[in-house]
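The structure appears below as structure tokens.
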Amino acid sequence: MKKITIILSIILAFQTADIKAQATDSEVVNFTAILASVLNLNVTSGQNQTATFDTPDLYNLGIDAVGTSTVTMESTANWTLEINAADFSDGAAAIIPIDNLGVWCEATGAHTIGTEVTCAYTSLGTAMGVTNTDQMLIDNGTGNGGDASDNAFNLNWTMGTMNGSMNTASMFDQLSDGTIANLGTFTTTVNLTLTALP
Amino acid sequence: MIKITTFDAMVNYSKQLLSLAIIFAGLVATAQKIDMETRVEARLESVLILNIDPNAKIEFGIKEINDNLYQITKDPDDVNFSIESTGSWNLSISATKPYFSGINDTSQKIPIDFIGYYIENKGTNWDNGLFSNIANKSKDTLLPLRTEETMILINGRRNNIGGAKNNSFVLRWKFIYEDELTKMKEFSNFKIKDDYYVGGFYITLSESFTPYK
């Protein structure tokens with residue numbers, strides 16, 4: 001009986017040892033963090049602007065403040081913002097040269113003009129006359145990648161004011177010399193192009 | 001003990017290749033552009049404005065020094081005016097009444113054509129006739145004031161659209177008798193009493209419908 005007891009104890013001990021050996025195992029979980037590029041341009045307000053000329057002063061001196069478009073950029077890379085537009089059209093043959101439309105920038109986010117970004121048009125007096133081909137409006141400075149709180153700007157529109165690189169003739173003069181053939185409602189679409197720098 | 005078979009190694013290698021491909025695709029995608037549009041509308045509305053002192057009038061003073069010898073004690077004031085217009089225009093002048101009335105003695109009257117006028121151009125729009133910006137009928141000519149509307153400035157072929165710097169004028173009054181001897185004789189027959197005399201005039205600005213512009 002004693003022998004039987006010893007044998008059973010040995011068998012039981014081996015079984016227990018075997019179970020403990022199988023409890024240690026390991027597996028590997030692989031994580032891959034993908035940092036894909038992000039590039040977003042948002043016009044958060046002022047997507048439609050209207051300039052109404054209805055007094056002699058406006059025809060002579062233009063409209064200083066047509067309105068403001070607010071834009072934000074979200075980018076993992078540095079970026080540039082370019083601008084162009086076709087001439088204003090009345091839907092028929094008459095046009096208003098697009099350089100009668102001017103724009104100038106204000107930074108409202110953490111990135112400021114002169115440091116993270118550059119812009120040569122920062123006041124009404126230095127407004128950029130919009131052209132049919134792309135012009136650099138906001139360029140990279142010391143590094144302008146960031147989110148919307150970093151890259152927030154006001155684009156201030158002006159028309160017929162003859163400032164900066166805008167058309168140097170008044171709206172009156174352009175009506176008189178036939179550049180603008182008639183009165184009426186003219187429209188254009190301004191294109192803003194955000195490009196990520198490599 | 002874990003054994004890694006050849007098959008497991010190939011699976012792991014494939015997974016790593018896939019990860020690299022995804023990361024590479026992400027890097028390549030950085031050279032991208034985004035366009036946004038803003039619509040701008042310009043409304044050019046019609047403007048036709050005459051800038052003139054609303055109290056402008058013709059006032060002059062006369063004093064008899066001797067028989068048939070009069071002295072002008074006050075000349076009528078010149079009238080500056082300008083026109084601002086997005087379209088071509090015409091301008092006419094007429095007297096409000098057929099006579100000037102004495103200020104102190106309203107029963108005293110002098111016929112309105114006692115005074116003549118001409119318009120001097122001070123703006124950049126030329127007034128050299130119908131082939132220029134404006135045809136000025138009073139250019140080099142003294143026109144008698146009348147109650148009938150007389151068109152003085154007429155839109156020319158080059159059109160007279162513009163603001164005040166383009167369309168700026170001075171209306172100058174002149175006594176007709178100074179130029180016409182017959183009027184001088186007529187003048188002496190009036191037996192004008194010493195007084196200041198006043199008369200009114202209309203300036204009418206209208207849109208031109210000539211085909212020039």
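Please note that chains go A, B, ... in the order of the structure tokens, that every chain numbers its residues from 1, and that ligands are numbered from 1 in the order shown.
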
Sorted by chain and rising residue number, list the residues of chain A at most 8 Å from chain B (counting only C-alpha atoms), each with its closest atom pair and distance in Å to one decimal, as CSV.
residue,atom,partner,partner_atom,distance
A:Asp25,CA,B:Met1,CA,7.7
A:Thr32,CA,B:Ser19,CA,7.0
A:Ile34,CA,B:Ile23,CA,6.1
A:Leu35,CA,B:Gly26,CA,7.3
A:Ala36,CA,B:Gly26,CA,4.7
A:Ser37,CA,B:Thr30,CA,5.6
A:Val38,CA,B:Thr30,CA,7.7
A:Leu39,CA,B:Ile34,CA,7.5
A:Asn40,CA,B:Ile34,CA,7.0
A:Leu41,CA,B:Ile34,CA,6.6
A:Asn42,CA,B:Met36,CA,7.5
A:Val43,CA,B:Met36,CA,7.3
A:Gly46,CA,B:Thr38,CA,7.9
A:Gln47,CA,B:Thr38,CA,4.8
A:Asn48,CA,B:Arg39,CA,4.8
A:Gln49,CA,B:Val40,CA,4.7
A:Thr50,CA,B:Glu41,CA,4.6
A:Ala51,CA,B:Ala42,CA,4.7
A:Thr52,CA,B:Arg43,CA,4.6
A:Phe53,CA,B:Leu44,CA,5.0
A:Asp54,CA,B:Glu45,CA,5.1
A:Thr55,CA,B:Val47,CA,6.4
A:Pro56,CA,B:Glu84,CA,6.1
A:Tyr59,CA,B:Gly163,CA,7.9
A:Asn60,CA,B:Gly163,CA,6.7
A:Ala77,CA,B:Thr30,CA,7.3
A:Phe88,CA,B:Ala42,CA,7.8
A:Phe172,CA,B:Gly162,CA,5.3
A:Asp173,CA,B:Gly162,CA,6.4
A:Leu175,CA,B:Thr86,CA,7.0
A:Ser176,CA,B:Ile161,CA,5.1
A:Leu183,CA,B:Leu44,CA,5.0
A:Gly184,CA,B:Leu44,CA,5.1
A:Thr185,CA,B:Arg43,CA,4.4
A:Phe186,CA,B:Ala42,CA,5.1
A:Thr187,CA,B:Glu41,CA,4.4
A:Thr188,CA,B:Val40,CA,5.4
A:Thr189,CA,B:Arg39,CA,4.5
A:Val190,CA,B:Thr38,CA,5.0
A:Asn191,CA,B:Glu37,CA,4.7
A:Leu192,CA,B:Met36,CA,5.1
A:Thr193,CA,B:Asp35,CA,4.4
A:Leu194,CA,B:Ile34,CA,5.1
A:Thr195,CA,B:Lys33,CA,4.4
A:Ala196,CA,B:Ala31,CA,5.7
A:Leu197,CA,B:Ala31,CA,6.5
A:Pro198,CA,B:Ala31,CA,5.9

With C-alpha atoms retained, could you export that selection as a tab-separated table (two decimals), in the first residue's frame?
chain	number	residue	atom	x	y	z
A	25	ASP	CA	3.90	31.21	-23.83
A	32	THR	CA	2.38	50.32	-37.28
A	34	ILE	CA	1.22	55.72	-40.15
A	35	LEU	CA	1.66	59.50	-40.23
A	36	ALA	CA	-0.06	60.31	-43.52
A	37	SER	CA	0.13	63.82	-44.87
A	38	VAL	CA	-2.73	66.22	-44.20
A	39	LEU	CA	-3.48	69.26	-46.35
A	40	ASN	CA	-6.71	71.17	-45.88
A	41	LEU	CA	-7.81	74.63	-46.98
A	42	ASN	CA	-11.03	75.92	-45.48
A	43	VAL	CA	-12.84	79.13	-46.33
A	46	GLY	CA	-16.97	85.27	-46.64
A	47	GLN	CA	-17.11	82.85	-49.55
A	48	ASN	CA	-19.35	85.25	-51.48
A	49	GLN	CA	-18.44	88.92	-51.82
A	50	THR	CA	-20.37	91.77	-53.44
A	51	ALA	CA	-19.03	95.19	-54.44
A	52	THR	CA	-21.70	97.73	-55.32
A	53	PHE	CA	-20.73	100.95	-57.10
A	54	ASP	CA	-23.57	103.44	-56.76
A	55	THR	CA	-22.01	106.82	-55.93
A	56	PRO	CA	-19.51	109.04	-57.74
A	59	TYR	CA	-16.52	105.14	-59.01
A	60	ASN	CA	-13.72	107.65	-58.42
A	77	ALA	CA	4.02	70.03	-44.40
A	88	PHE	CA	-15.29	89.87	-64.21
A	172	PHE	CA	-14.99	106.07	-63.97
A	173	ASP	CA	-12.00	106.32	-66.31
A	175	LEU	CA	-16.11	103.33	-68.13
A	176	SER	CA	-15.19	106.46	-70.05
A	183	LEU	CA	-23.07	99.00	-66.40
A	184	GLY	CA	-24.63	95.92	-64.85
A	185	THR	CA	-23.77	92.98	-62.65
A	186	PHE	CA	-20.42	91.30	-63.21
A	187	THR	CA	-19.14	88.14	-61.56
A	188	THR	CA	-15.94	86.18	-61.20
A	189	THR	CA	-14.61	83.24	-59.24
A	190	VAL	CA	-11.40	83.67	-57.30
A	191	ASN	CA	-9.32	80.50	-57.04
A	192	LEU	CA	-7.17	79.90	-53.97
A	193	THR	CA	-4.66	77.09	-54.35
A	194	LEU	CA	-2.96	75.58	-51.31
A	195	THR	CA	0.15	73.57	-52.18
A	196	ALA	CA	2.17	71.39	-49.81
A	197	LEU	CA	5.87	71.91	-50.18
A	198	PRO	CA	7.99	68.78	-50.61

Which of stretch 120-187 of chain A fall in alpha helix (DSSP H), as a ChimeraX atom specification: /A:171-176

Atoms kept (N, CA and C atoms) for selection, written as a JSON list (two decimals), in the first residue's frame:
[["chain", "number", "residue", "atom", "x", "y", "z"],
["A", 171, "MET", "N", -12.57, 103.44, -61.83],
["A", 171, "MET", "CA", -13.69, 102.79, -62.51],
["A", 171, "MET", "C", -14.35, 103.77, -63.49],
["A", 172, "PHE", "N", -14.44, 105.04, -63.08],
["A", 172, "PHE", "CA", -14.99, 106.07, -63.97],
["A", 172, "PHE", "C", -14.19, 106.14, -65.27],
["A", 173, "ASP", "N", -12.86, 106.21, -65.13],
["A", 173, "ASP", "CA", -12.00, 106.32, -66.31],
["A", 173, "ASP", "C", -12.16, 105.09, -67.21],
["A", 174, "GLN", "N", -12.29, 103.93, -66.60],
["A", 174, "GLN", "CA", -12.43, 102.71, -67.41],
["A", 174, "GLN", "C", -13.79, 102.64, -68.10],
["A", 175, "LEU", "N", -14.81, 103.22, -67.45],
["A", 175, "LEU", "CA", -16.11, 103.33, -68.13],
["A", 175, "LEU", "C", -16.00, 104.30, -69.30],
["A", 176, "SER", "N", -15.30, 105.41, -69.03],
["A", 176, "SER", "CA", -15.19, 106.46, -70.05],
["A", 176, "SER", "C", -14.39, 106.00, -71.27]]

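Residues in contact with B:Leu171 at 8 Å, where only C-alpha atoms are counted and same-chain residues fewer than 2 positions away are skipped, are listed as Asp78, Val79, Asn80, Phe81, Tyr117, Tyr118, Ile119, Glu120, Phe169 and Trp173 of chain B.
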
Got a sec: who's within 9 Å of A:Thr133, counting only C-alpha atoms, leaving out chain neighbours fewer than 5 positions off, as a PyMOL selection string? chain A and resi 83-86

Generate a file of the selected residues that holds C-alpha atoms, formatted as an mmCIF file, in the first residue's frame.
data_model
loop_
_atom_site.group_PDB
_atom_site.id
_atom_site.type_symbol
_atom_site.label_atom_id
_atom_site.label_comp_id
_atom_site.auth_asym_id
_atom_site.auth_seq_id
_atom_site.Cartn_x
_atom_site.Cartn_y
_atom_site.Cartn_z
ATOM 1 C CA ILE A 83 -4.475 83.139 -56.069
ATOM 2 C CA ASN A 84 -5.918 83.811 -59.528
ATOM 3 C CA ALA A 85 -9.233 84.707 -61.149
ATOM 4 C CA ALA A 86 -10.740 85.351 -64.548
#

query = Taking the backbone alone, and naming residues the way the document does, which bits of stretch 2-194 of chain A are strand (DSSP E) by DSSP, as a PyMOL selection string?
reply = chain A and resi 39-45+48-53+63-75+79-85+88-89+95-96+101-107+117-118+128-129+135-140+146-159+184-194

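Within the 10 Å cut-off around A:Met128, using only C-alpha atoms and omitting residues fewer than 5 positions from it on the same chain, the listed residues are Asp99, Asn100, Leu101, Gly102, Val103, Trp104, Cys105, Ala120, Tyr121, Thr122, Ser123, Gln135, Met136, Leu137, Trp157, Thr158, Met162, Asn163, Gly164, Ser165, Met166 and Asn167 of chain A.
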
For B:Lys63, work out the shell of residues within 10 Å, counting only C-alpha atoms and skipping chain neighbours fewer than 6 positions away, then give it as a compact mmCIF listing (two decimals) with C-alpha atoms, in the first residue's frame.
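selection_31.txt, freshly written:
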# COMPACT_ATOMS: atom_id res chain seq x y z
CA LEU B 69 -24.73 156.57 -67.84
CA TYR B 70 -24.90 153.61 -65.55
CA GLN B 71 -22.45 151.98 -63.27
CA ILE B 72 -22.53 148.29 -62.48
CA THR B 73 -22.24 148.18 -58.70
CA LYS B 74 -22.30 144.40 -58.50
CA ILE B 192 -33.48 151.49 -65.05
CA LYS B 193 -33.69 152.61 -61.46
CA ASP B 194 -30.87 152.16 -59.03
CA ASP B 195 -31.28 148.78 -57.40
CA TYR B 196 -30.02 145.25 -57.12
